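The structure file data_4.cif is reproduced below (mmCIF, C-alpha atoms).
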```
data_query
#
loop_
_atom_site.label_atom_id
_atom_site.label_comp_id
_atom_site.auth_asym_id
_atom_site.auth_seq_id
_atom_site.Cartn_x
_atom_site.Cartn_y
_atom_site.Cartn_z
CA MET O 758 -48.13 -16.16 -14.61
CA PRO O 759 -45.47 -17.55 -12.23
CA ALA O 760 -45.35 -14.18 -10.46
CA TRP O 761 -49.15 -14.16 -10.21
CA LYS O 762 -49.14 -17.71 -8.82
CA ARG O 763 -46.56 -16.79 -6.17
CA PHE O 764 -48.65 -13.76 -5.20
CA VAL O 765 -51.79 -15.89 -4.85
CA ASP O 766 -50.06 -18.67 -2.93
CA GLU O 767 -48.76 -16.25 -0.30
CA ASP O 768 -52.24 -15.95 1.19
CA PRO O 769 -54.93 -18.67 0.86
CA LEU O 770 -57.62 -16.00 0.86
CA ARG O 771 -56.31 -14.55 -2.40
CA ALA O 772 -57.04 -17.71 -4.38
CA GLY O 773 -60.78 -17.13 -4.07
CA TYR O 774 -60.63 -13.75 -5.76
CA GLU O 775 -59.28 -14.96 -9.12
CA ARG O 776 -62.78 -14.90 -10.64
CA TYR O 777 -63.05 -11.22 -9.77
CA VAL O 778 -60.31 -10.61 -12.33
CA TRP O 779 -62.93 -11.59 -14.90
CA VAL O 780 -65.44 -9.24 -13.29
CA VAL O 781 -62.99 -6.35 -13.70
CA PHE O 782 -62.30 -7.43 -17.28
CA PHE O 783 -66.05 -7.48 -17.98
CA LEU O 784 -66.43 -3.95 -16.60
CA ILE O 785 -63.46 -2.57 -18.54
CA LEU O 786 -64.67 -4.19 -21.76
CA PHE O 787 -68.22 -2.84 -21.54
CA LEU O 788 -67.33 0.56 -20.06
CA ALA O 789 -64.84 1.43 -22.79
CA GLY O 790 -67.60 2.32 -25.26
CA PRO O 791 -69.67 4.49 -22.86
CA ALA O 792 -66.52 6.28 -21.70
CA HIS O 793 -65.68 7.14 -25.31
CA VAL O 794 -69.24 8.37 -25.90
CA ALA O 795 -69.07 10.49 -22.73
CA PHE O 796 -65.88 12.11 -24.02
CA LYS O 797 -67.56 12.82 -27.35
CA ALA O 798 -70.57 14.29 -25.56
CA VAL O 799 -68.32 16.67 -23.62
CA VAL O 800 -66.68 17.97 -26.79
CA GLY O 801 -70.02 18.07 -28.63
CA ALA O 802 -69.23 15.38 -31.20
CA ALA O 803 -71.61 12.62 -30.05
CA HIS O 804 -74.52 11.58 -32.25
CA ALA O 805 -77.51 9.28 -31.90
CA GLY O 806 -75.61 6.14 -32.95
CA ASN O 807 -73.03 6.67 -30.24
CA TYR O 808 -75.72 6.96 -27.59
CA ARG O 809 -77.36 3.74 -28.75
CA THR O 810 -74.06 1.90 -28.43
CA ALA O 811 -73.54 3.29 -24.93
CA ALA O 812 -77.09 2.37 -23.90
CA THR O 813 -76.53 -1.24 -25.02
CA SER O 814 -73.25 -1.59 -23.12
CA LEU O 815 -74.60 -0.01 -19.94
CA GLY O 816 -77.77 -2.08 -20.12
CA LEU O 817 -75.73 -5.28 -20.32
CA ILE O 818 -73.72 -4.21 -17.28
CA TYR O 819 -76.91 -3.51 -15.35
CA LEU O 820 -78.39 -6.92 -16.16
CA MET O 821 -75.31 -9.12 -16.10
CA LEU O 822 -73.05 -7.67 -13.39
CA PRO O 823 -75.11 -8.93 -10.39
CA LEU O 824 -75.20 -12.43 -11.90
CA ILE O 825 -71.46 -12.40 -12.61
CA VAL O 826 -70.73 -11.20 -9.06
CA ARG O 827 -72.73 -14.12 -7.62
CA TRP O 828 -70.71 -16.48 -9.83
CA ALA O 829 -67.39 -14.87 -8.83
CA GLU O 830 -68.06 -14.79 -5.09
CA PRO O 831 -65.55 -17.08 -3.29
CA LYS O 832 -67.02 -20.23 -1.77
CA ASP O 833 -64.34 -20.90 0.87
CA TYR O 834 -63.49 -19.17 4.19
CA THR O 835 -67.09 -18.03 4.34
CA PHE O 836 -67.10 -16.32 7.71
CA VAL O 837 -63.62 -14.81 7.29
CA ARG O 838 -64.68 -13.23 3.99
CA LEU O 839 -68.07 -12.03 5.25
CA PRO O 840 -67.08 -8.36 5.92
CA SER O 841 -65.66 -7.96 2.41
CA ARG O 842 -68.61 -9.89 0.97
CA ILE O 843 -70.99 -7.25 2.32
CA GLY O 844 -68.79 -4.49 0.94
CA ARG O 845 -68.57 -6.09 -2.49
CA ALA O 846 -72.33 -6.56 -2.63
CA THR O 847 -73.04 -2.89 -2.00
CA PHE O 848 -70.22 -1.66 -4.26
CA PHE O 849 -71.14 -3.72 -7.31
CA ARG O 850 -74.85 -3.01 -6.79
CA THR O 851 -73.98 0.70 -6.90
CA VAL O 852 -72.01 0.17 -10.12
CA ALA O 853 -74.91 -1.79 -11.64
CA ASN O 854 -77.42 0.90 -10.65
CA ALA O 855 -75.20 3.59 -12.14
CA ALA O 856 -74.98 1.59 -15.36
CA GLY O 857 -78.76 1.17 -15.48
CA ILE O 858 -79.40 4.87 -14.94
CA GLY O 859 -76.71 5.67 -17.51
CA ALA O 860 -78.40 3.32 -19.98
CA VAL O 861 -81.67 5.23 -19.55
CA GLY O 862 -79.86 8.53 -20.10
CA ALA O 863 -78.08 7.21 -23.19
CA PHE O 864 -81.33 5.86 -24.60
CA LEU O 865 -83.00 9.24 -24.15
CA GLY O 866 -79.98 10.89 -25.73
CA ALA O 867 -80.20 8.63 -28.77
CA ARG O 868 -83.92 9.36 -29.10
CA PHE O 869 -84.01 13.12 -28.54
CA ILE O 870 -80.49 14.56 -29.07
CA ALA O 871 -81.32 15.66 -32.61
CA THR O 872 -84.85 16.94 -32.07
CA TYR O 873 -85.13 18.10 -28.41
CA PRO O 874 -81.63 18.72 -27.04
CA ALA O 875 -82.61 21.34 -24.43
CA PRO O 876 -84.78 19.10 -22.16
CA LEU O 877 -81.91 16.63 -21.90
CA ILE O 878 -80.20 18.95 -19.39
CA SER O 879 -83.03 18.66 -16.89
CA THR O 880 -83.26 14.94 -17.63
CA VAL O 881 -79.59 14.46 -16.78
CA LEU O 882 -80.04 16.35 -13.50
CA THR O 883 -83.06 14.18 -12.65
CA LEU O 884 -81.07 11.02 -13.34
CA MET O 885 -78.22 12.27 -11.13
CA VAL O 886 -80.63 12.82 -8.24
CA THR O 887 -82.05 9.35 -8.88
CA MET O 888 -78.56 7.89 -8.67
CA VAL O 889 -77.99 9.54 -5.30
CA VAL O 890 -81.30 8.19 -3.98
CA VAL O 891 -80.79 4.58 -5.11
CA THR O 892 -77.21 4.58 -3.80
CA HIS O 893 -78.43 5.78 -0.41
CA LYS O 894 -81.11 3.08 -0.37
CA THR O 895 -78.57 0.37 -1.24
CA PHE O 896 -76.24 1.25 1.61
CA ALA O 897 -79.15 1.86 3.99
CA ARG O 898 -80.46 -1.63 3.21
CA ALA O 899 -77.06 -3.15 4.01
CA ARG O 900 -76.86 -1.21 7.30
CA LYS O 901 -80.39 -2.27 8.30
CA LEU O 902 -79.62 -5.91 7.56
CA CYS O 903 -76.35 -5.80 9.49
CA THR O 904 -78.01 -4.11 12.46
CA GLN O 905 -80.83 -6.65 12.60
CA THR O 906 -78.38 -9.53 12.16
CA CYS O 907 -76.28 -8.31 15.09
CA ILE O 908 -79.38 -8.11 17.27
CA ASP O 909 -80.50 -11.61 16.32
CA VAL O 910 -77.04 -13.18 16.68
CA GLN O 911 -76.72 -11.74 20.18
CA ALA O 912 -80.21 -13.02 21.05
CA LEU O 913 -79.25 -16.52 19.86
CA LEU O 914 -75.99 -16.52 21.81
CA TRP O 915 -77.79 -15.42 24.98
CA ALA O 916 -80.48 -18.06 24.44
CA MET O 917 -77.83 -20.76 23.99
CA ASP O 918 -76.02 -19.64 27.16
CA GLU O 919 -79.25 -19.73 29.15
CA LEU O 920 -80.04 -23.16 27.71
CA ASP O 921 -76.65 -24.46 28.84
CA ASP O 922 -77.35 -23.16 32.34
CA ALA O 923 -80.73 -24.91 32.32
CA LYS O 924 -79.08 -28.15 31.22
CA ARG O 925 -76.63 -27.94 34.09
CA ARG O 926 -79.45 -27.37 36.58
CA ASP O 927 -81.35 -30.30 35.08
CA LYS O 928 -79.19 -32.72 37.06
CA PRO O 929 -80.22 -33.52 40.68
CA ALA O 930 -77.97 -32.23 43.41
CA SER O 931 -75.67 -34.71 45.07
CA GLY O 932 -76.93 -36.17 48.33
CA LEU O 933 -80.63 -35.69 47.45
CA THR O 934 -82.43 -38.70 49.00
CA ASP O 935 -86.07 -37.61 49.09
CA TRP O 936 -87.59 -39.21 45.99
CA ARG O 937 -90.59 -36.88 45.87
CA ARG O 938 -88.41 -33.82 46.29
CA TRP O 939 -86.13 -35.08 43.53
CA ARG O 940 -89.13 -35.66 41.25
CA ARG O 941 -90.49 -32.14 41.81
CA SER O 942 -87.04 -30.69 41.22
CA ARG O 943 -86.68 -32.76 38.07
CA GLN O 944 -90.04 -31.60 36.71
CA ALA O 945 -89.30 -27.93 37.45
CA THR O 946 -85.86 -27.97 35.90
CA GLY O 947 -87.13 -30.03 32.96
CA ALA O 948 -89.79 -27.41 32.24
CA LYS O 949 -87.19 -24.65 32.35
CA HIS O 950 -84.97 -26.70 30.06
CA ALA O 951 -87.81 -27.07 27.52
CA ASP O 952 -88.63 -23.34 27.67
CA LYS O 953 -85.00 -22.37 27.11
CA GLN O 954 -84.73 -24.86 24.27
CA MET O 955 -87.81 -23.42 22.59
CA ALA O 956 -86.41 -19.89 22.99
CA ALA O 957 -83.13 -20.97 21.36
CA HIS O 958 -85.04 -22.54 18.45
CA GLN O 959 -87.04 -19.34 17.94
CA SER O 960 -83.88 -17.22 18.07
CA TRP O 961 -82.22 -19.38 15.43
CA HIS O 962 -85.18 -19.27 13.05
CA THR O 963 -85.26 -15.48 13.37
CA LEU O 964 -81.55 -15.26 12.61
CA LYS O 965 -81.92 -17.67 9.68
CA LEU O 966 -84.23 -15.18 7.95
CA ASP O 967 -81.51 -12.52 8.23
CA LEU O 968 -78.81 -14.80 6.86
CA CYS O 969 -80.94 -15.73 3.83
CA THR O 970 -81.75 -12.09 3.02
CA THR O 971 -79.97 -10.43 0.10
CA VAL O 972 -77.64 -7.60 1.09
CA ASP O 973 -77.96 -5.28 -1.87
CA SER O 974 -81.35 -5.83 -3.46
CA GLY O 975 -84.81 -7.11 -2.65
CA TYR O 976 -84.82 -9.08 -5.91
CA ARG O 977 -83.34 -12.43 -4.99
CA LEU O 978 -82.24 -13.40 -8.49
CA PHE O 979 -80.10 -10.26 -8.80
CA GLY O 980 -79.01 -9.91 -5.17
CA LEU O 981 -76.18 -11.38 -3.12
CA PRO O 982 -77.43 -13.06 0.07
CA LEU O 983 -75.62 -12.62 3.34
CA LEU O 984 -74.88 -16.36 3.26
CA THR O 985 -75.67 -18.91 0.58
CA LYS O 986 -78.28 -21.62 1.16
CA GLY O 987 -75.63 -24.28 1.63
CA GLU O 988 -73.77 -22.18 4.19
CA VAL O 989 -76.98 -21.46 6.11
CA ASP O 990 -77.93 -25.15 6.10
CA GLU O 991 -74.51 -26.14 7.47
CA LEU O 992 -74.68 -23.52 10.21
CA GLU O 993 -78.25 -24.62 11.02
CA ARG O 994 -77.10 -28.22 11.42
CA GLU O 995 -74.41 -27.15 13.90
CA VAL O 996 -76.68 -24.84 15.88
CA LEU O 997 -79.56 -27.33 16.16
CA ALA O 998 -77.17 -30.11 17.18
CA GLU O 999 -75.97 -27.95 20.06
CA ILE O 1000 -79.51 -26.96 21.06
CA GLU O 1001 -80.79 -30.56 21.00
CA ALA O 1002 -77.81 -31.96 22.93
CA ALA O 1003 -78.78 -33.53 26.27
CA GLY O 1004 -76.13 -31.65 28.21
CA PRO O 1005 -74.02 -28.51 27.86
CA THR O 1006 -71.74 -28.71 24.84
CA ASP O 1007 -68.52 -27.03 23.89
CA ALA O 1008 -69.21 -26.51 20.19
CA ALA O 1009 -66.39 -24.05 19.62
CA SER O 1010 -66.89 -23.93 15.84
CA THR O 1011 -70.57 -22.98 16.17
CA ARG O 1012 -69.92 -20.15 18.62
CA LYS O 1013 -66.90 -19.05 16.58
CA ASN O 1014 -68.99 -18.79 13.41
CA LEU O 1015 -71.74 -16.84 15.19
CA HIS O 1016 -69.17 -14.43 16.63
CA ALA O 1017 -67.64 -14.06 13.15
CA ILE O 1018 -71.06 -13.03 11.79
CA LEU O 1019 -71.43 -10.62 14.70
CA LYS O 1020 -68.02 -9.11 14.03
CA ALA O 1021 -68.64 -8.80 10.28
CA CYS O 1022 -71.88 -6.88 10.81
CA ALA O 1023 -70.75 -4.82 13.81
CA GLY O 1024 -68.93 -2.27 11.66
CA ARG O 1025 -72.14 -1.39 9.82
CA ILE O 1026 -74.55 -1.04 12.72
CA ASP O 1027 -76.95 1.86 12.28
CA VAL O 1028 -80.02 1.69 14.52
CA LEU O 1029 -81.43 4.79 12.79
CA ALA O 1030 -81.08 3.51 9.21
#
```

Before anything else, please render the file you have as structure tokens.
Amino acid sequence: MPAWKRFVDEDPLRAGYERYVWVVFFLILFLAGPAHVAFKAVVGAAHAGNYRTAATSLGLIYLMLPLIVRWAEPKDYTFVRLPSRIGRATFFRTVANAAGIGAVGAFLGARFIATYPAPLISTVLTLMVTMVVVTHKTFARARKLCTQTCIDVQALLWAMDELDDAKRRDKPASGLTDWRRWRRSRQATGAKHADKQMAAHQSWHTLKLDLCTTVDSGYRLFGLPLLTKGEVDELEREVLAEIEAAGPTDAASTRKNLHAILKACAGRIDVLA
């Protein structure tokens, strides 16, 4: 334990991954039985009871692993951890899908191994093709979400830059003495300011939908969102404060977080996904 503590303390990012030790323990514990059954099946010694045990273990992995991953996901250094968060979501979803498909195969084995062993070969091949398809869909979903998020983050950054320019132009030029001319200038620049502000609001609300979307699954209860609700609310507070400010602001943390999201998703851009 002292050696483990020294290893964790060397990097503050490591402290958040301690719960994933329990995730690995959960997987090892519940995969031990199916692995033993698979070995028996290879040597021809498996029977219906073994398949039922494997189906139960794999079914528990399929149902519980996504929930455990959501519990284990670190809550600090959100934007620094975002690239690995996306990778963990797709990896553990693939493991859960494999466990679910394996549970179906084990259940069929327990039901028909004694009476109809021959059709199980074609069933296994069908399940393998199914595994390839669902894995492809999982990673394609993550790539689509990352691509759309990159597009919407860039749109928000551009909208915020244009809004800052409009705020700068909203001030009358020095030496302007004609009151009517100043009023017309003020009305024109004020209208542009309002239009740019509305565009920035729309860009944020579009991006917010991306950030609340689950990376690995369309089922929200069993999926890992790109950002949690609390993280999205905090980012929204910062973004709206900058948009509603009377003049140009230098909200470095807001722009830094948006660029961090952009960087995290940039490695998974696929416009053809």

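Compared by their closest atoms to Leu981 in chain O, and using only C-alpha atoms, the residues O:Lys894, O:Arg1012, O:Lys832, O:Arg845 rank with O:Arg845 nearest.
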
For CA of Leu968 in chain O and CA of Arg898 in chain O, quote the distance in Å rounded to one decimal. 13.8 Å

Apply the PyMOL selection byres ((chain O and resi 1023) around 10) to the file shown and report the selected residues as an mmCIF file with C-alpha atoms, in the frame of the given file.
```
data_model
loop_
_atom_site.group_PDB
_atom_site.id
_atom_site.type_symbol
_atom_site.label_atom_id
_atom_site.label_comp_id
_atom_site.auth_asym_id
_atom_site.auth_seq_id
_atom_site.Cartn_x
_atom_site.Cartn_y
_atom_site.Cartn_z
ATOM 1 C CA PRO O 840 -67.080 -8.360 5.920
ATOM 2 C CA ARG O 900 -76.860 -1.210 7.300
ATOM 3 C CA CYS O 903 -76.350 -5.800 9.490
ATOM 4 C CA THR O 904 -78.010 -4.110 12.460
ATOM 5 C CA THR O 906 -78.380 -9.530 12.160
ATOM 6 C CA CYS O 907 -76.280 -8.310 15.090
ATOM 7 C CA ILE O 908 -79.380 -8.110 17.270
ATOM 8 C CA ALA O 1017 -67.640 -14.060 13.150
ATOM 9 C CA ILE O 1018 -71.060 -13.030 11.790
ATOM 10 C CA LEU O 1019 -71.430 -10.620 14.700
ATOM 11 C CA LYS O 1020 -68.020 -9.110 14.030
ATOM 12 C CA ALA O 1021 -68.640 -8.800 10.280
ATOM 13 C CA CYS O 1022 -71.880 -6.880 10.810
ATOM 14 C CA GLY O 1024 -68.930 -2.270 11.660
ATOM 15 C CA ARG O 1025 -72.140 -1.390 9.820
ATOM 16 C CA ILE O 1026 -74.550 -1.040 12.720
ATOM 17 C CA ASP O 1027 -76.950 1.860 12.280
#
```

Find the residues around range 784-794 of chain O up to 9 Å (all atoms listed in the file counted), leave out those fewer than 3 positions away in its own chain, and share them as a PyMOL selection string. chain O and resi 779-781+797-799+802-804+807-808+810-812+814-815+817-818+822+859+863

Fewer than 5 positions away in the same chain doesn't count, so skip those; otherwise give me all residues within 10 Å of range 825-827 of chain O, counting only C-alpha atoms, as a list in words. Arg776, Tyr777, Trp779, Val780, Phe783, Ile818, Leu820, Arg845, Ala846, Phe849, Arg850, Leu978, Phe979, Gly980, Leu981, Pro982 and Thr985 of chain O

Quote the spacing between CA of Val972 in chain O and CA of Leu839 in chain O in Å to one decimal place.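 Interatomic distance, CA of Val972 in chain O to CA of Leu839 in chain O: 11.3 Å.
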
Translate the PyMOL selection byres ((chain O and resi 920) around 8) into a concrete residue list for this structure, as a ChimeraX atom specification. /O:916-919,921-924,950,953-954,957,1000

Box dimensions and centre (Å, one decimal) enclosing range 999-1003 of chain O, axis-aligned, 8 Å extra per side, as AutoDock Vina command-line options:
```
--center_x -78.4 --center_y -30.2 --center_z 23.2 --size_x 20.8 --size_y 22.6 --size_z 22.2
```

Running the PyMOL selection byres ((chain O and resi 967) around 9) on this model by hand, what would come out? Give it as a PyMOL selection string. chain O and resi 902-903+905-906+909+963-966+968-971+983

Create the file for the chosen residues now, containing C-alpha atoms and written as a short mmCIF file (atom, residue, chain, number, x, y, z; two decimals), in the frame of the given file.
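File produced: selection-v1.cif:
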```cif
data_model
loop_
_atom_site.label_atom_id
_atom_site.label_comp_id
_atom_site.auth_asym_id
_atom_site.auth_seq_id
_atom_site.Cartn_x
_atom_site.Cartn_y
_atom_site.Cartn_z
CA LEU O 902 -79.62 -5.91 7.56
CA CYS O 903 -76.35 -5.80 9.49
CA GLN O 905 -80.83 -6.65 12.60
CA THR O 906 -78.38 -9.53 12.16
CA ASP O 909 -80.50 -11.61 16.32
CA THR O 963 -85.26 -15.48 13.37
CA LEU O 964 -81.55 -15.26 12.61
CA LYS O 965 -81.92 -17.67 9.68
CA LEU O 966 -84.23 -15.18 7.95
CA LEU O 968 -78.81 -14.80 6.86
CA CYS O 969 -80.94 -15.73 3.83
CA THR O 970 -81.75 -12.09 3.02
CA THR O 971 -79.97 -10.43 0.10
CA LEU O 983 -75.62 -12.62 3.34
#
```

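Our summary of the geometry notes that CA of Pro823 in chain O is positioned 21.9 Å from CA of Val837 in chain O.
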
Nearest to Phe864 in chain O by atom-to-atom distance, counting only C-alpha atoms, from O:Ala772, O:Ala805, O:Ala951, O:Leu884: O:Ala805
